[in-house]
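What follows is the content of my_file_15.cif, which has mmCIF, C-alpha atoms and all ligand atoms:
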data_model
#
loop_
_atom_site.group_PDB
_atom_site.id
_atom_site.type_symbol
_atom_site.label_atom_id
_atom_site.label_comp_id
_atom_site.auth_asym_id
_atom_site.auth_seq_id
_atom_site.Cartn_x
_atom_site.Cartn_y
_atom_site.Cartn_z
ATOM 1 C CA MET A 1 108.504 100.399 33.807
ATOM 2 C CA SER A 2 111.714 102.170 32.928
ATOM 3 C CA GLU A 3 111.528 105.866 32.230
ATOM 4 C CA GLY A 4 110.769 106.895 28.698
ATOM 5 C CA LYS A 5 109.604 103.424 27.765
ATOM 6 C CA THR A 6 106.208 103.554 26.185
ATOM 7 C CA THR A 7 105.380 99.861 25.833
ATOM 8 C CA ALA A 8 104.234 97.852 28.836
ATOM 9 C CA VAL A 9 105.209 94.205 28.458
ATOM 10 C CA ILE A 10 103.091 91.859 30.550
ATOM 11 C CA ALA A 11 103.722 88.131 30.983
ATOM 12 C CA VAL A 12 100.530 86.208 31.742
ATOM 13 C CA THR A 13 101.910 83.313 33.670
ATOM 14 C CA ASN A 14 101.288 80.511 36.157
ATOM 15 C CA GLN A 15 103.050 77.186 35.779
ATOM 16 C CA LYS A 16 99.879 75.352 36.693
ATOM 17 C CA GLY A 17 97.953 74.164 33.652
ATOM 18 C CA GLY A 18 94.419 75.152 32.748
ATOM 19 C CA VAL A 19 94.034 78.072 35.156
ATOM 20 C CA GLY A 20 92.868 80.588 32.558
ATOM 21 C CA LYS A 21 96.135 82.117 31.314
ATOM 22 C CA THR A 22 95.215 81.987 27.642
ATOM 23 C CA THR A 23 91.600 82.985 28.199
ATOM 24 C CA SER A 24 92.816 85.958 30.233
ATOM 25 C CA ALA A 25 95.525 86.932 27.737
ATOM 26 C CA ILE A 26 93.126 86.880 24.764
ATOM 27 C CA ASN A 27 90.279 88.684 26.442
ATOM 28 C CA ILE A 28 92.310 91.309 28.262
ATOM 29 C CA ALA A 29 94.187 91.963 25.004
ATOM 30 C CA TYR A 30 90.870 92.368 23.206
ATOM 31 C CA PHE A 31 89.393 94.827 25.679
ATOM 32 C CA LEU A 32 92.586 96.873 25.923
ATOM 33 C CA ALA A 33 92.579 97.093 22.116
ATOM 34 C CA LYS A 34 88.928 98.036 22.126
ATOM 35 C CA SER A 35 89.641 100.933 24.458
ATOM 36 C CA GLY A 36 92.191 102.256 21.984
ATOM 37 C CA LYS A 37 95.464 100.698 23.125
ATOM 38 C CA ARG A 38 97.637 99.195 20.414
ATOM 39 C CA VAL A 39 98.098 95.638 21.565
ATOM 40 C CA LEU A 40 100.307 92.732 20.540
ATOM 41 C CA LEU A 41 99.610 89.272 21.915
ATOM 42 C CA VAL A 42 102.660 87.012 21.806
ATOM 43 C CA ASP A 43 101.829 83.308 21.877
ATOM 44 C CA LEU A 44 104.742 81.762 23.753
ATOM 45 C CA ASP A 45 103.056 78.412 24.408
ATOM 46 C CA PRO A 46 103.794 75.606 21.908
ATOM 47 C CA GLN A 47 100.161 74.513 22.363
ATOM 48 C CA GLY A 48 99.270 77.624 20.364
ATOM 49 C CA ASN A 49 95.943 78.126 22.132
ATOM 50 C CA ALA A 50 96.103 81.917 21.956
ATOM 51 C CA SER A 51 96.698 81.678 18.207
ATOM 52 C CA SER A 52 93.706 79.434 17.537
ATOM 53 C CA GLY A 53 91.601 81.353 20.028
ATOM 54 C CA LEU A 54 92.143 84.446 17.896
ATOM 55 C CA GLY A 55 91.228 82.638 14.706
ATOM 56 C CA VAL A 56 94.716 82.059 13.293
ATOM 57 C CA ASP A 57 94.856 79.100 10.897
ATOM 58 C CA LYS A 58 97.943 77.350 12.216
ATOM 59 C CA SER A 59 98.227 75.005 9.239
ATOM 60 C CA ASN A 60 98.942 77.952 7.036
ATOM 61 C CA LEU A 61 101.747 79.797 8.792
ATOM 62 C CA GLU A 62 105.247 80.327 7.516
ATOM 63 C CA ILE A 63 106.840 82.415 10.209
ATOM 64 C CA THR A 64 105.877 81.964 13.847
ATOM 65 C CA MET A 65 107.341 82.409 17.327
ATOM 66 C CA GLY A 66 109.337 79.205 16.688
ATOM 67 C CA GLU A 67 111.384 80.915 13.986
ATOM 68 C CA VAL A 68 111.656 84.066 16.090
ATOM 69 C CA MET A 69 112.920 82.241 19.181
ATOM 70 C CA SER A 70 115.368 80.194 17.111
ATOM 71 C CA GLY A 71 116.776 83.430 15.743
ATOM 72 C CA GLU A 72 115.959 82.610 12.116
ATOM 73 C CA GLU A 73 113.444 85.419 11.683
ATOM 74 C CA VAL A 74 112.709 88.800 13.206
ATOM 75 C CA LEU A 75 109.543 89.284 15.225
ATOM 76 C CA ALA A 76 107.989 91.795 12.825
ATOM 77 C CA THR A 77 107.719 89.098 10.125
ATOM 78 C CA ALA A 78 105.744 86.795 12.436
ATOM 79 C CA ILE A 79 103.144 89.374 13.506
ATOM 80 C CA LYS A 80 99.680 89.102 11.973
ATOM 81 C CA PRO A 81 96.754 91.476 12.267
ATOM 82 C CA THR A 82 93.536 90.039 13.709
ATOM 83 C CA SER A 83 89.996 90.903 12.713
ATOM 84 C CA HIS A 84 89.899 93.205 15.743
ATOM 85 C CA LYS A 85 91.090 96.780 15.487
ATOM 86 C CA ASN A 86 94.370 97.544 17.327
ATOM 87 C CA LEU A 87 94.976 93.861 18.111
ATOM 88 C CA ALA A 88 97.818 91.907 16.506
ATOM 89 C CA ILE A 89 99.179 88.457 17.264
ATOM 90 C CA ALA A 90 102.543 86.758 17.003
ATOM 91 C CA PRO A 91 101.289 83.191 16.600
ATOM 92 C CA THR A 92 102.934 79.904 17.380
ATOM 93 C CA THR A 93 102.805 76.233 16.395
ATOM 94 C CA PRO A 94 104.039 73.073 18.175
ATOM 95 C CA HIS A 95 107.371 73.646 16.394
ATOM 96 C CA LEU A 96 108.188 76.050 19.236
ATOM 97 C CA ALA A 97 108.608 73.020 21.533
ATOM 98 C CA ASN A 98 111.461 71.709 19.335
ATOM 99 C CA VAL A 99 113.014 75.148 19.224
ATOM 100 C CA GLU A 100 112.945 75.293 23.024
ATOM 101 C CA VAL A 101 114.942 72.055 23.248
ATOM 102 C CA GLY A 102 117.615 73.477 20.939
ATOM 103 C CA LEU A 103 117.552 76.797 22.782
ATOM 104 C CA ALA A 104 118.858 75.159 25.961
ATOM 105 C CA SER A 105 122.314 74.798 24.454
ATOM 106 C CA GLY A 106 122.140 77.949 22.336
ATOM 107 C CA LYS A 107 123.583 81.418 22.855
ATOM 108 C CA ASN A 108 121.579 84.093 24.678
ATOM 109 C CA LYS A 109 119.033 81.465 25.624
ATOM 110 C CA PHE A 110 117.403 83.624 28.285
ATOM 111 C CA THR A 111 117.133 86.857 26.342
ATOM 112 C CA ARG A 112 115.849 85.787 22.929
ATOM 113 C CA LEU A 113 112.366 87.109 23.549
ATOM 114 C CA LYS A 114 113.575 90.330 25.128
ATOM 115 C CA THR A 115 115.724 91.025 22.078
ATOM 116 C CA ALA A 116 112.845 90.155 19.745
ATOM 117 C CA LEU A 117 110.420 92.478 21.549
ATOM 118 C CA SER A 118 112.852 95.366 21.546
ATOM 119 C CA SER A 119 112.899 95.187 17.753
ATOM 120 C CA VAL A 120 109.242 96.173 17.336
ATOM 121 C CA GLU A 121 107.592 99.531 17.958
ATOM 122 C CA GLY A 122 104.141 100.979 17.951
ATOM 123 C CA TYR A 123 102.502 98.929 20.710
ATOM 124 C CA ASP A 124 101.197 100.310 23.984
ATOM 125 C CA VAL A 125 100.869 96.878 25.540
ATOM 126 C CA ILE A 126 102.471 93.547 24.693
ATOM 127 C CA LEU A 127 100.903 90.538 26.416
ATOM 128 C CA ILE A 128 102.826 87.270 26.522
ATOM 129 C CA ASP A 129 100.798 84.075 26.911
ATOM 130 C CA CYS A 130 103.191 81.713 28.731
ATOM 131 C CA PRO A 131 103.140 77.904 28.750
ATOM 132 C CA PRO A 132 102.152 75.942 31.892
ATOM 133 C CA SER A 133 105.689 75.335 33.142
ATOM 134 C CA LEU A 134 108.648 77.168 34.570
ATOM 135 C CA SER A 135 110.526 76.327 31.401
ATOM 136 C CA LEU A 136 113.077 78.249 29.399
ATOM 137 C CA LEU A 137 110.215 79.802 27.429
ATOM 138 C CA THR A 138 108.565 81.102 30.594
ATOM 139 C CA VAL A 139 111.893 82.418 31.854
ATOM 140 C CA ASN A 140 112.299 84.216 28.511
ATOM 141 C CA GLY A 141 108.853 85.698 29.134
ATOM 142 C CA LEU A 142 109.787 86.855 32.639
ATOM 143 C CA ILE A 143 113.022 88.413 31.460
ATOM 144 C CA ALA A 144 111.316 90.229 28.591
ATOM 145 C CA ALA A 145 108.456 91.523 30.745
ATOM 146 C CA ASP A 146 107.950 94.608 32.864
ATOM 147 C CA TYR A 147 105.067 92.976 34.678
ATOM 148 C CA VAL A 148 103.557 89.629 35.576
ATOM 149 C CA LEU A 149 99.820 89.100 35.521
ATOM 150 C CA LEU A 150 98.991 86.002 37.514
ATOM 151 C CA PRO A 151 95.697 84.203 36.931
ATOM 152 C CA VAL A 152 94.812 81.924 39.832
ATOM 153 C CA GLN A 153 92.015 79.410 39.570
ATOM 154 C CA ALA A 154 89.623 79.468 42.499
ATOM 155 C CA GLU A 155 90.069 75.828 43.457
ATOM 156 C CA PHE A 156 91.594 73.881 46.309
ATOM 157 C CA TYR A 157 95.155 73.551 44.997
ATOM 158 C CA ALA A 158 95.250 77.108 43.672
ATOM 159 C CA LEU A 159 98.076 78.380 45.830
ATOM 160 C CA GLU A 160 100.170 75.235 45.679
ATOM 161 C CA GLY A 161 103.109 75.712 43.369
ATOM 162 C CA LEU A 162 102.813 79.492 43.398
ATOM 163 C CA GLY A 163 105.742 79.646 45.810
ATOM 164 C CA GLN A 164 107.922 78.217 43.094
ATOM 165 C CA LEU A 165 106.776 80.831 40.591
ATOM 166 C CA LEU A 166 107.366 83.654 43.060
ATOM 167 C CA GLU A 167 110.826 82.229 43.769
ATOM 168 C CA THR A 168 111.600 82.183 40.040
ATOM 169 C CA MET A 169 110.412 85.791 39.775
ATOM 170 C CA LYS A 170 112.741 86.681 42.648
ATOM 171 C CA LEU A 171 115.688 85.060 40.897
ATOM 172 C CA VAL A 172 114.886 86.871 37.664
ATOM 173 C CA ARG A 173 114.689 90.132 39.598
ATOM 174 C CA LYS A 174 118.066 89.506 41.220
ATOM 175 C CA GLY A 175 119.604 88.678 37.890
ATOM 176 C CA MET A 176 118.535 89.612 34.418
ATOM 177 C CA ASN A 177 115.443 91.758 34.980
ATOM 178 C CA THR A 178 115.616 93.848 38.132
ATOM 179 C CA HIS A 179 112.397 95.757 37.493
ATOM 180 C CA LEU A 180 110.014 92.818 37.010
ATOM 181 C CA GLU A 181 106.868 93.469 39.030
ATOM 182 C CA LEU A 182 103.624 91.679 39.828
ATOM 183 C CA ILE A 183 100.924 93.917 38.324
ATOM 184 C CA GLY A 184 97.950 91.879 39.460
ATOM 185 C CA VAL A 185 96.545 88.567 40.616
ATOM 186 C CA LEU A 186 93.365 87.516 38.875
ATOM 187 C CA PRO A 187 91.041 84.966 40.469
ATOM 188 C CA THR A 188 89.533 82.903 37.635
ATOM 189 C CA MET A 189 86.710 80.395 37.234
ATOM 190 C CA MET A 190 85.042 81.671 40.376
ATOM 191 C CA ASP A 191 81.744 80.207 41.388
ATOM 192 C CA ALA A 192 80.534 82.743 43.935
ATOM 193 C CA ARG A 193 77.783 80.350 45.067
ATOM 194 C CA THR A 194 80.244 77.835 46.438
ATOM 195 C CA THR A 195 81.935 78.109 49.798
ATOM 196 C CA LEU A 196 85.105 76.684 48.311
ATOM 197 C CA SER A 197 85.441 79.409 45.683
ATOM 198 C CA ASN A 198 84.908 82.066 48.322
ATOM 199 C CA GLN A 199 87.368 80.471 50.733
ATOM 200 C CA VAL A 200 90.035 80.264 48.036
ATOM 201 C CA HIS A 201 89.342 83.883 47.096
ATOM 202 C CA GLN A 202 89.934 84.864 50.725
ATOM 203 C CA GLU A 203 93.165 82.865 50.753
ATOM 204 C CA ILE A 204 94.356 84.561 47.565
ATOM 205 C CA LYS A 205 93.583 87.944 49.111
ATOM 206 C CA LYS A 206 95.340 87.068 52.347
ATOM 207 C CA HIS A 207 98.386 86.121 50.382
ATOM 208 C CA PHE A 208 98.489 88.883 47.749
ATOM 209 C CA GLY A 209 96.510 91.737 49.330
ATOM 210 C CA GLU A 210 96.131 94.790 47.110
ATOM 211 C CA LYS A 211 97.649 92.973 44.170
ATOM 212 C CA VAL A 212 94.399 91.045 43.698
ATOM 213 C CA PHE A 213 92.144 92.636 41.101
ATOM 214 C CA GLN A 214 88.795 93.807 42.457
ATOM 215 C CA THR A 215 87.144 91.940 39.628
ATOM 216 C CA SER A 216 87.149 88.148 39.612
ATOM 217 C CA ILE A 217 86.407 86.064 36.536
ATOM 218 C CA PRO A 218 83.327 83.890 36.977
ATOM 219 C CA ARG A 219 83.024 80.422 35.552
ATOM 220 C CA ASN A 220 81.128 81.184 32.358
ATOM 221 C CA ILE A 221 80.397 78.841 29.483
ATOM 222 C CA ARG A 222 80.671 81.667 26.940
ATOM 223 C CA LEU A 223 84.365 82.004 27.800
ATOM 224 C CA ALA A 224 84.902 78.339 27.003
ATOM 225 C CA GLU A 225 82.856 78.516 23.782
ATOM 226 C CA ALA A 226 84.383 81.636 22.237
ATOM 227 C CA PRO A 227 87.750 80.036 21.234
ATOM 228 C CA SER A 228 86.012 77.479 19.029
ATOM 229 C CA HIS A 229 84.706 80.437 17.031
ATOM 230 C CA GLY A 230 88.205 81.945 16.911
ATOM 231 C CA VAL A 231 87.145 85.143 18.646
ATOM 232 C CA PRO A 232 87.461 86.772 22.088
ATOM 233 C CA VAL A 233 84.340 86.547 24.220
ATOM 234 C CA GLY A 234 83.673 90.251 23.719
ATOM 235 C CA ALA A 235 83.127 89.594 20.017
ATOM 236 C CA TYR A 236 81.165 86.401 20.652
ATOM 237 C CA ASP A 237 78.750 87.452 23.375
ATOM 238 C CA ARG A 238 79.581 90.910 24.638
ATOM 239 C CA TRP A 239 76.896 90.909 27.313
ATOM 240 C CA SER A 240 77.926 87.595 28.863
ATOM 241 C CA LYS A 241 79.195 87.608 32.427
ATOM 242 C CA GLY A 242 82.611 86.516 31.199
ATOM 243 C CA ALA A 243 82.880 89.387 28.732
ATOM 244 C CA ARG A 244 81.798 91.964 31.283
ATOM 245 C CA ALA A 245 84.297 90.645 33.826
ATOM 246 C CA TYR A 246 87.233 90.747 31.409
ATOM 247 C CA LYS A 247 86.232 94.241 30.316
ATOM 248 C CA ALA A 248 86.367 95.364 33.944
ATOM 249 C CA VAL A 249 89.726 93.659 34.511
ATOM 250 C CA ALA A 250 91.180 95.315 31.412
ATOM 251 C CA LYS A 251 90.056 98.664 32.810
ATOM 252 C CA GLU A 252 91.627 97.960 36.196
ATOM 253 C CA LEU A 253 94.820 96.897 34.472
ATOM 254 C CA GLU A 254 94.856 100.078 32.410
ATOM 255 C CA GLN A 255 94.512 102.139 35.587
ATOM 256 C CA ARG A 256 97.321 100.240 37.273
ATOM 257 C CA LEU A 257 99.585 100.746 34.268
ATOM 258 C CA GLU A 258 98.680 104.420 34.156
ATOM 259 C CA ALA A 259 99.616 104.780 37.822
ATOM 260 C CA LYS A 260 103.070 103.324 37.074
ATOM 261 C CA LYS A 261 103.888 105.941 34.473
HETATM 262 N N1 LIG B 1 86.117 81.613 33.464
HETATM 263 C C1 LIG B 1 85.976 80.491 32.760
HETATM 264 N N2 LIG B 1 84.796 79.857 32.715
HETATM 265 C C2 LIG B 1 84.646 78.718 32.022
HETATM 266 N N3 LIG B 1 85.637 78.117 31.327
HETATM 267 C C3 LIG B 1 86.853 78.700 31.333
HETATM 268 C C4 LIG B 1 87.087 79.914 32.040
HETATM 269 N N4 LIG B 1 88.385 80.262 31.866
HETATM 270 C C5 LIG B 1 88.919 79.313 31.103
HETATM 271 N N5 LIG B 1 88.018 78.365 30.772
HETATM 272 C C6 LIG B 1 88.254 77.144 29.996
HETATM 273 O O1 LIG B 1 89.124 76.341 30.763
HETATM 274 C C7 LIG B 1 90.121 75.753 29.956
HETATM 275 C C8 LIG B 1 91.509 76.236 30.404
HETATM 276 O O2 LIG B 1 91.585 77.640 30.192
HETATM 277 P P1 LIG B 1 92.866 78.284 29.522
HETATM 278 O O3 LIG B 1 93.236 77.567 28.280
HETATM 279 O O4 LIG B 1 92.636 79.732 29.434
HETATM 280 O O5 LIG B 1 93.934 77.986 30.640
HETATM 281 P P2 LIG B 1 95.525 78.033 30.529
HETATM 282 O O6 LIG B 1 96.032 78.348 31.876
HETATM 283 O O7 LIG B 1 95.937 78.881 29.409
HETATM 284 O O8 LIG B 1 95.838 76.516 30.146
HETATM 285 P P3 LIG B 1 97.283 75.938 29.764
HETATM 286 O O9 LIG B 1 98.003 75.846 31.055
HETATM 287 O O10 LIG B 1 96.997 74.614 29.129
HETATM 288 O O11 LIG B 1 97.919 76.917 28.812
HETATM 289 C C9 LIG B 1 89.791 76.143 28.525
HETATM 290 O O12 LIG B 1 89.009 75.128 27.964
HETATM 291 C C10 LIG B 1 88.971 77.413 28.696
HETATM 292 O O13 LIG B 1 88.071 77.616 27.633
HETATM 293 MG MG MG B 2 97.241 78.467 27.814
#

Can you present the structure in this file as structure tokens?
Ligand SMILES: Nc1ncnc2c1ncn2[C@@H]1O[C@H](COP(=O)(O)OP(=O)(O)OP(=O)(O)O)[C@@H](O)[C@H]1O
Ligand SMILES: [Mg+2]
Amino acid sequence: MSEGKTTAVIAVTNQKGGVGKTTSAINIAYFLAKSGKRVLLVDLDPQGNASSGLGVDKSNLEITMGEVMSGEEVLATAIKPTSHKNLAIAPTTPHLANVEVGLASGKNKFTRLKTALSSVEGYDVILIDCPPSLSLLTVNGLIAADYVLLPVQAEFYALEGLGQLLETMKLVRKGMNTHLELIGVLPTMMDARTTLSNQVHQEIKKHFGEKVFQTSIPRNIRLAEAPSHGVPVGAYDRWSKGARAYKAVAKELEQRLEAKK
């Protein structure tokens, strides 16, 4: 993070779909907020899963990340409080997908999000929930971010495709965001009883070493149920394995961020 900067911007990204990006973004955001950090979760995925997962009624939104990325509105007008203290969200709707198409031929197409984020103050951490692609939206996320948090699903194809993401990060670092850094790799949907999960975990560790969080996220039904209630797992079943794991990851993340200061 650059000197004097007080907000850590973290892109939660992996171009593979369904690996736990949104689940991680919501629940890490929640536990950071619970420990007193002022947190903004930016929903940068046109699917809008982070928005619904935090209980935002998407049928009733006037200003969203679509309008912010198109340049029609400033970010502050899109931000909504949640029912959780210290946790705000900049929600999105499928309209963001149309905006992305137009963005490709627009001005400043890579730096829209960076500019938007620099216009708000008062957050300790901003988490960006990226879509499952290496699209213009994701690149906006990488350029706006200080750090990447990479959830990796503990399954056979987990590491396939990651090369491409790391290559994109390298390009971003060479170009528009020289200080982008991988803050942590998070193994998700682990089933510690299976050999496969453990083998993949070993592979992830071999590849990323110290960057891998000590805590892994277990496969836990509570994590899959919580979004249908519009709340993070910590507010749904705080003693579940999923909640306890995300609480521990949030703590590790906080320590890593602290060490960067
Ligand atoms: N640890 C877990 N245990 C059980 N279910 C999980 C876990 N993590 C995520 N899920 C479920 O798996 C599905 C995919 O998770 P999630 O939406 O977080 O992934 P994603 O990477 O954001 O997906 P996308 O690429 O579509 O944005 C969701 O239905 C979610 O509830
Ligand atoms: Mg998602």

(request) For the structure provided, state which residues fall under the PyMOL selection byres (((not hetatm)) within 7 of (chain B and resi 2)), and present them as JSON, numbers by chain. (result) {"A": [18, 20, 21, 22, 45, 49, 50, 129, 130, 131, 132]}

(request) Would you mind listing the residues within 10 Å of ligand LIG 1 (chain B), counting only C-alpha atoms and all ligand atoms, as JSON, numbers by chain? (result) {"A": [12, 13, 14, 15, 16, 17, 18, 19, 20, 21, 22, 23, 24, 25, 26, 27, 44, 45, 46, 47, 48, 49, 50, 53, 129, 130, 131, 132, 133, 150, 151, 152, 153, 154, 187, 188, 189, 190, 191, 216, 217, 218, 219, 220, 221, 222, 223, 224, 225, 226, 227, 228, 241, 242, 243, 245, 246]}

(request) Find the residues near segment 101-118 of chain A: any atom within 12 Å, counting all atoms listed in the file, skip ones fewer than 3 places away on the same chain, and give them as a PyMOL selection string. (result) chain A and resi 5-11+40-44+46+65-79+90+95-98+121-123+125-128+130+135-146+172+175-177

Using C-alpha atoms, can you export the residues from the last selection as an mmCIF file, in the coordinates of the input?
data_model
loop_
_atom_site.group_PDB
_atom_site.id
_atom_site.type_symbol
_atom_site.label_atom_id
_atom_site.label_comp_id
_atom_site.auth_asym_id
_atom_site.auth_seq_id
_atom_site.Cartn_x
_atom_site.Cartn_y
_atom_site.Cartn_z
ATOM 1 C CA LYS A 5 109.604 103.424 27.765
ATOM 2 C CA THR A 6 106.208 103.554 26.185
ATOM 3 C CA THR A 7 105.380 99.861 25.833
ATOM 4 C CA ALA A 8 104.234 97.852 28.836
ATOM 5 C CA VAL A 9 105.209 94.205 28.458
ATOM 6 C CA ILE A 10 103.091 91.859 30.550
ATOM 7 C CA ALA A 11 103.722 88.131 30.983
ATOM 8 C CA LEU A 40 100.307 92.732 20.540
ATOM 9 C CA LEU A 41 99.610 89.272 21.915
ATOM 10 C CA VAL A 42 102.660 87.012 21.806
ATOM 11 C CA ASP A 43 101.829 83.308 21.877
ATOM 12 C CA LEU A 44 104.742 81.762 23.753
ATOM 13 C CA PRO A 46 103.794 75.606 21.908
ATOM 14 C CA MET A 65 107.341 82.409 17.327
ATOM 15 C CA GLY A 66 109.337 79.205 16.688
ATOM 16 C CA GLU A 67 111.384 80.915 13.986
ATOM 17 C CA VAL A 68 111.656 84.066 16.090
ATOM 18 C CA MET A 69 112.920 82.241 19.181
ATOM 19 C CA SER A 70 115.368 80.194 17.111
ATOM 20 C CA GLY A 71 116.776 83.430 15.743
ATOM 21 C CA GLU A 72 115.959 82.610 12.116
ATOM 22 C CA GLU A 73 113.444 85.419 11.683
ATOM 23 C CA VAL A 74 112.709 88.800 13.206
ATOM 24 C CA LEU A 75 109.543 89.284 15.225
ATOM 25 C CA ALA A 76 107.989 91.795 12.825
ATOM 26 C CA THR A 77 107.719 89.098 10.125
ATOM 27 C CA ALA A 78 105.744 86.795 12.436
ATOM 28 C CA ILE A 79 103.144 89.374 13.506
ATOM 29 C CA ALA A 90 102.543 86.758 17.003
ATOM 30 C CA HIS A 95 107.371 73.646 16.394
ATOM 31 C CA LEU A 96 108.188 76.050 19.236
ATOM 32 C CA ALA A 97 108.608 73.020 21.533
ATOM 33 C CA ASN A 98 111.461 71.709 19.335
ATOM 34 C CA GLU A 121 107.592 99.531 17.958
ATOM 35 C CA GLY A 122 104.141 100.979 17.951
ATOM 36 C CA TYR A 123 102.502 98.929 20.710
ATOM 37 C CA VAL A 125 100.869 96.878 25.540
ATOM 38 C CA ILE A 126 102.471 93.547 24.693
ATOM 39 C CA LEU A 127 100.903 90.538 26.416
ATOM 40 C CA ILE A 128 102.826 87.270 26.522
ATOM 41 C CA CYS A 130 103.191 81.713 28.731
ATOM 42 C CA SER A 135 110.526 76.327 31.401
ATOM 43 C CA LEU A 136 113.077 78.249 29.399
ATOM 44 C CA LEU A 137 110.215 79.802 27.429
ATOM 45 C CA THR A 138 108.565 81.102 30.594
ATOM 46 C CA VAL A 139 111.893 82.418 31.854
ATOM 47 C CA ASN A 140 112.299 84.216 28.511
ATOM 48 C CA GLY A 141 108.853 85.698 29.134
ATOM 49 C CA LEU A 142 109.787 86.855 32.639
ATOM 50 C CA ILE A 143 113.022 88.413 31.460
ATOM 51 C CA ALA A 144 111.316 90.229 28.591
ATOM 52 C CA ALA A 145 108.456 91.523 30.745
ATOM 53 C CA ASP A 146 107.950 94.608 32.864
ATOM 54 C CA VAL A 172 114.886 86.871 37.664
ATOM 55 C CA GLY A 175 119.604 88.678 37.890
ATOM 56 C CA MET A 176 118.535 89.612 34.418
ATOM 57 C CA ASN A 177 115.443 91.758 34.980
#

(request) Have a look at A:Val56, A:Leu149, A:Leu159, A:Ala250 and name the one nearest to Val185 of chain A; count only C-alpha atoms. (result)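 Among A:Val56, A:Leu149, A:Leu159, A:Ala250, it is A:Leu149 that comes nearest to Val185 of chain A.
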
(request) Report as a list in words the full result of the PyMOL selection byres (((chain A and resi 57) around 12) and not hetatm) when it is applied to this structure. (result)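 Applying the PyMOL selection byres (((chain A and resi 57) around 12) and not hetatm) to the structure shown produces Gly48, Asn49, Ala50, Ser51, Ser52, Gly53, Leu54, Gly55, Val56, Lys58, Ser59, Asn60, Leu61, Glu62, Thr64, Lys80, Thr82, Pro91, Thr92, Thr93, His229 and Gly230 of chain A.
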
(message) My list of candidates is A:Ile204, A:Leu186, A:Tyr30, A:Val120. Which is closest to Lys85 of chain A when distances are computed with only C-alpha atoms?
(response)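 For Lys85 of chain A, the nearest of the given residues is A:Tyr30.
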
(message) the PyMOL selection byres (((chain A and resi 86) around 8) and not hetatm) - which residues does that actually catch in the file I just gave you? List them as a PyMOL selection string.
(response) chain A and resi 33-34+36-39+84-85+87-88

(request) One decimal, Å: what's the distance from atom CA of Phe213 of chain A over to atom CA of Leu257 of chain A, could you say? (result)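 Straight-line distance from atom CA of Phe213 of chain A to atom CA of Leu257 of chain A works out to 13.0 Å.
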
(message) Using Å and a single decimal, report how far atom CA of Phe31 of chain A sits from atom CA of Thr168 of chain A.
(response)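 Here the two named atoms are 29.3 Å from each other.
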
(request) Pick out the closest residue to Val212 of chain A from this set: A:Arg244, A:Arg256, A:Arg238, A:Leu134. Count only C-alpha atoms. (result)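 That would be A:Arg256, the residue with the smallest distance to Val212 of chain A.
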
(message) Can you measure atom CA of Glu167 of chain A to atom CA of Tyr147 of chain A for me? One decimal in Å is fine.
(response)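 So the answer is 15.2 Å.
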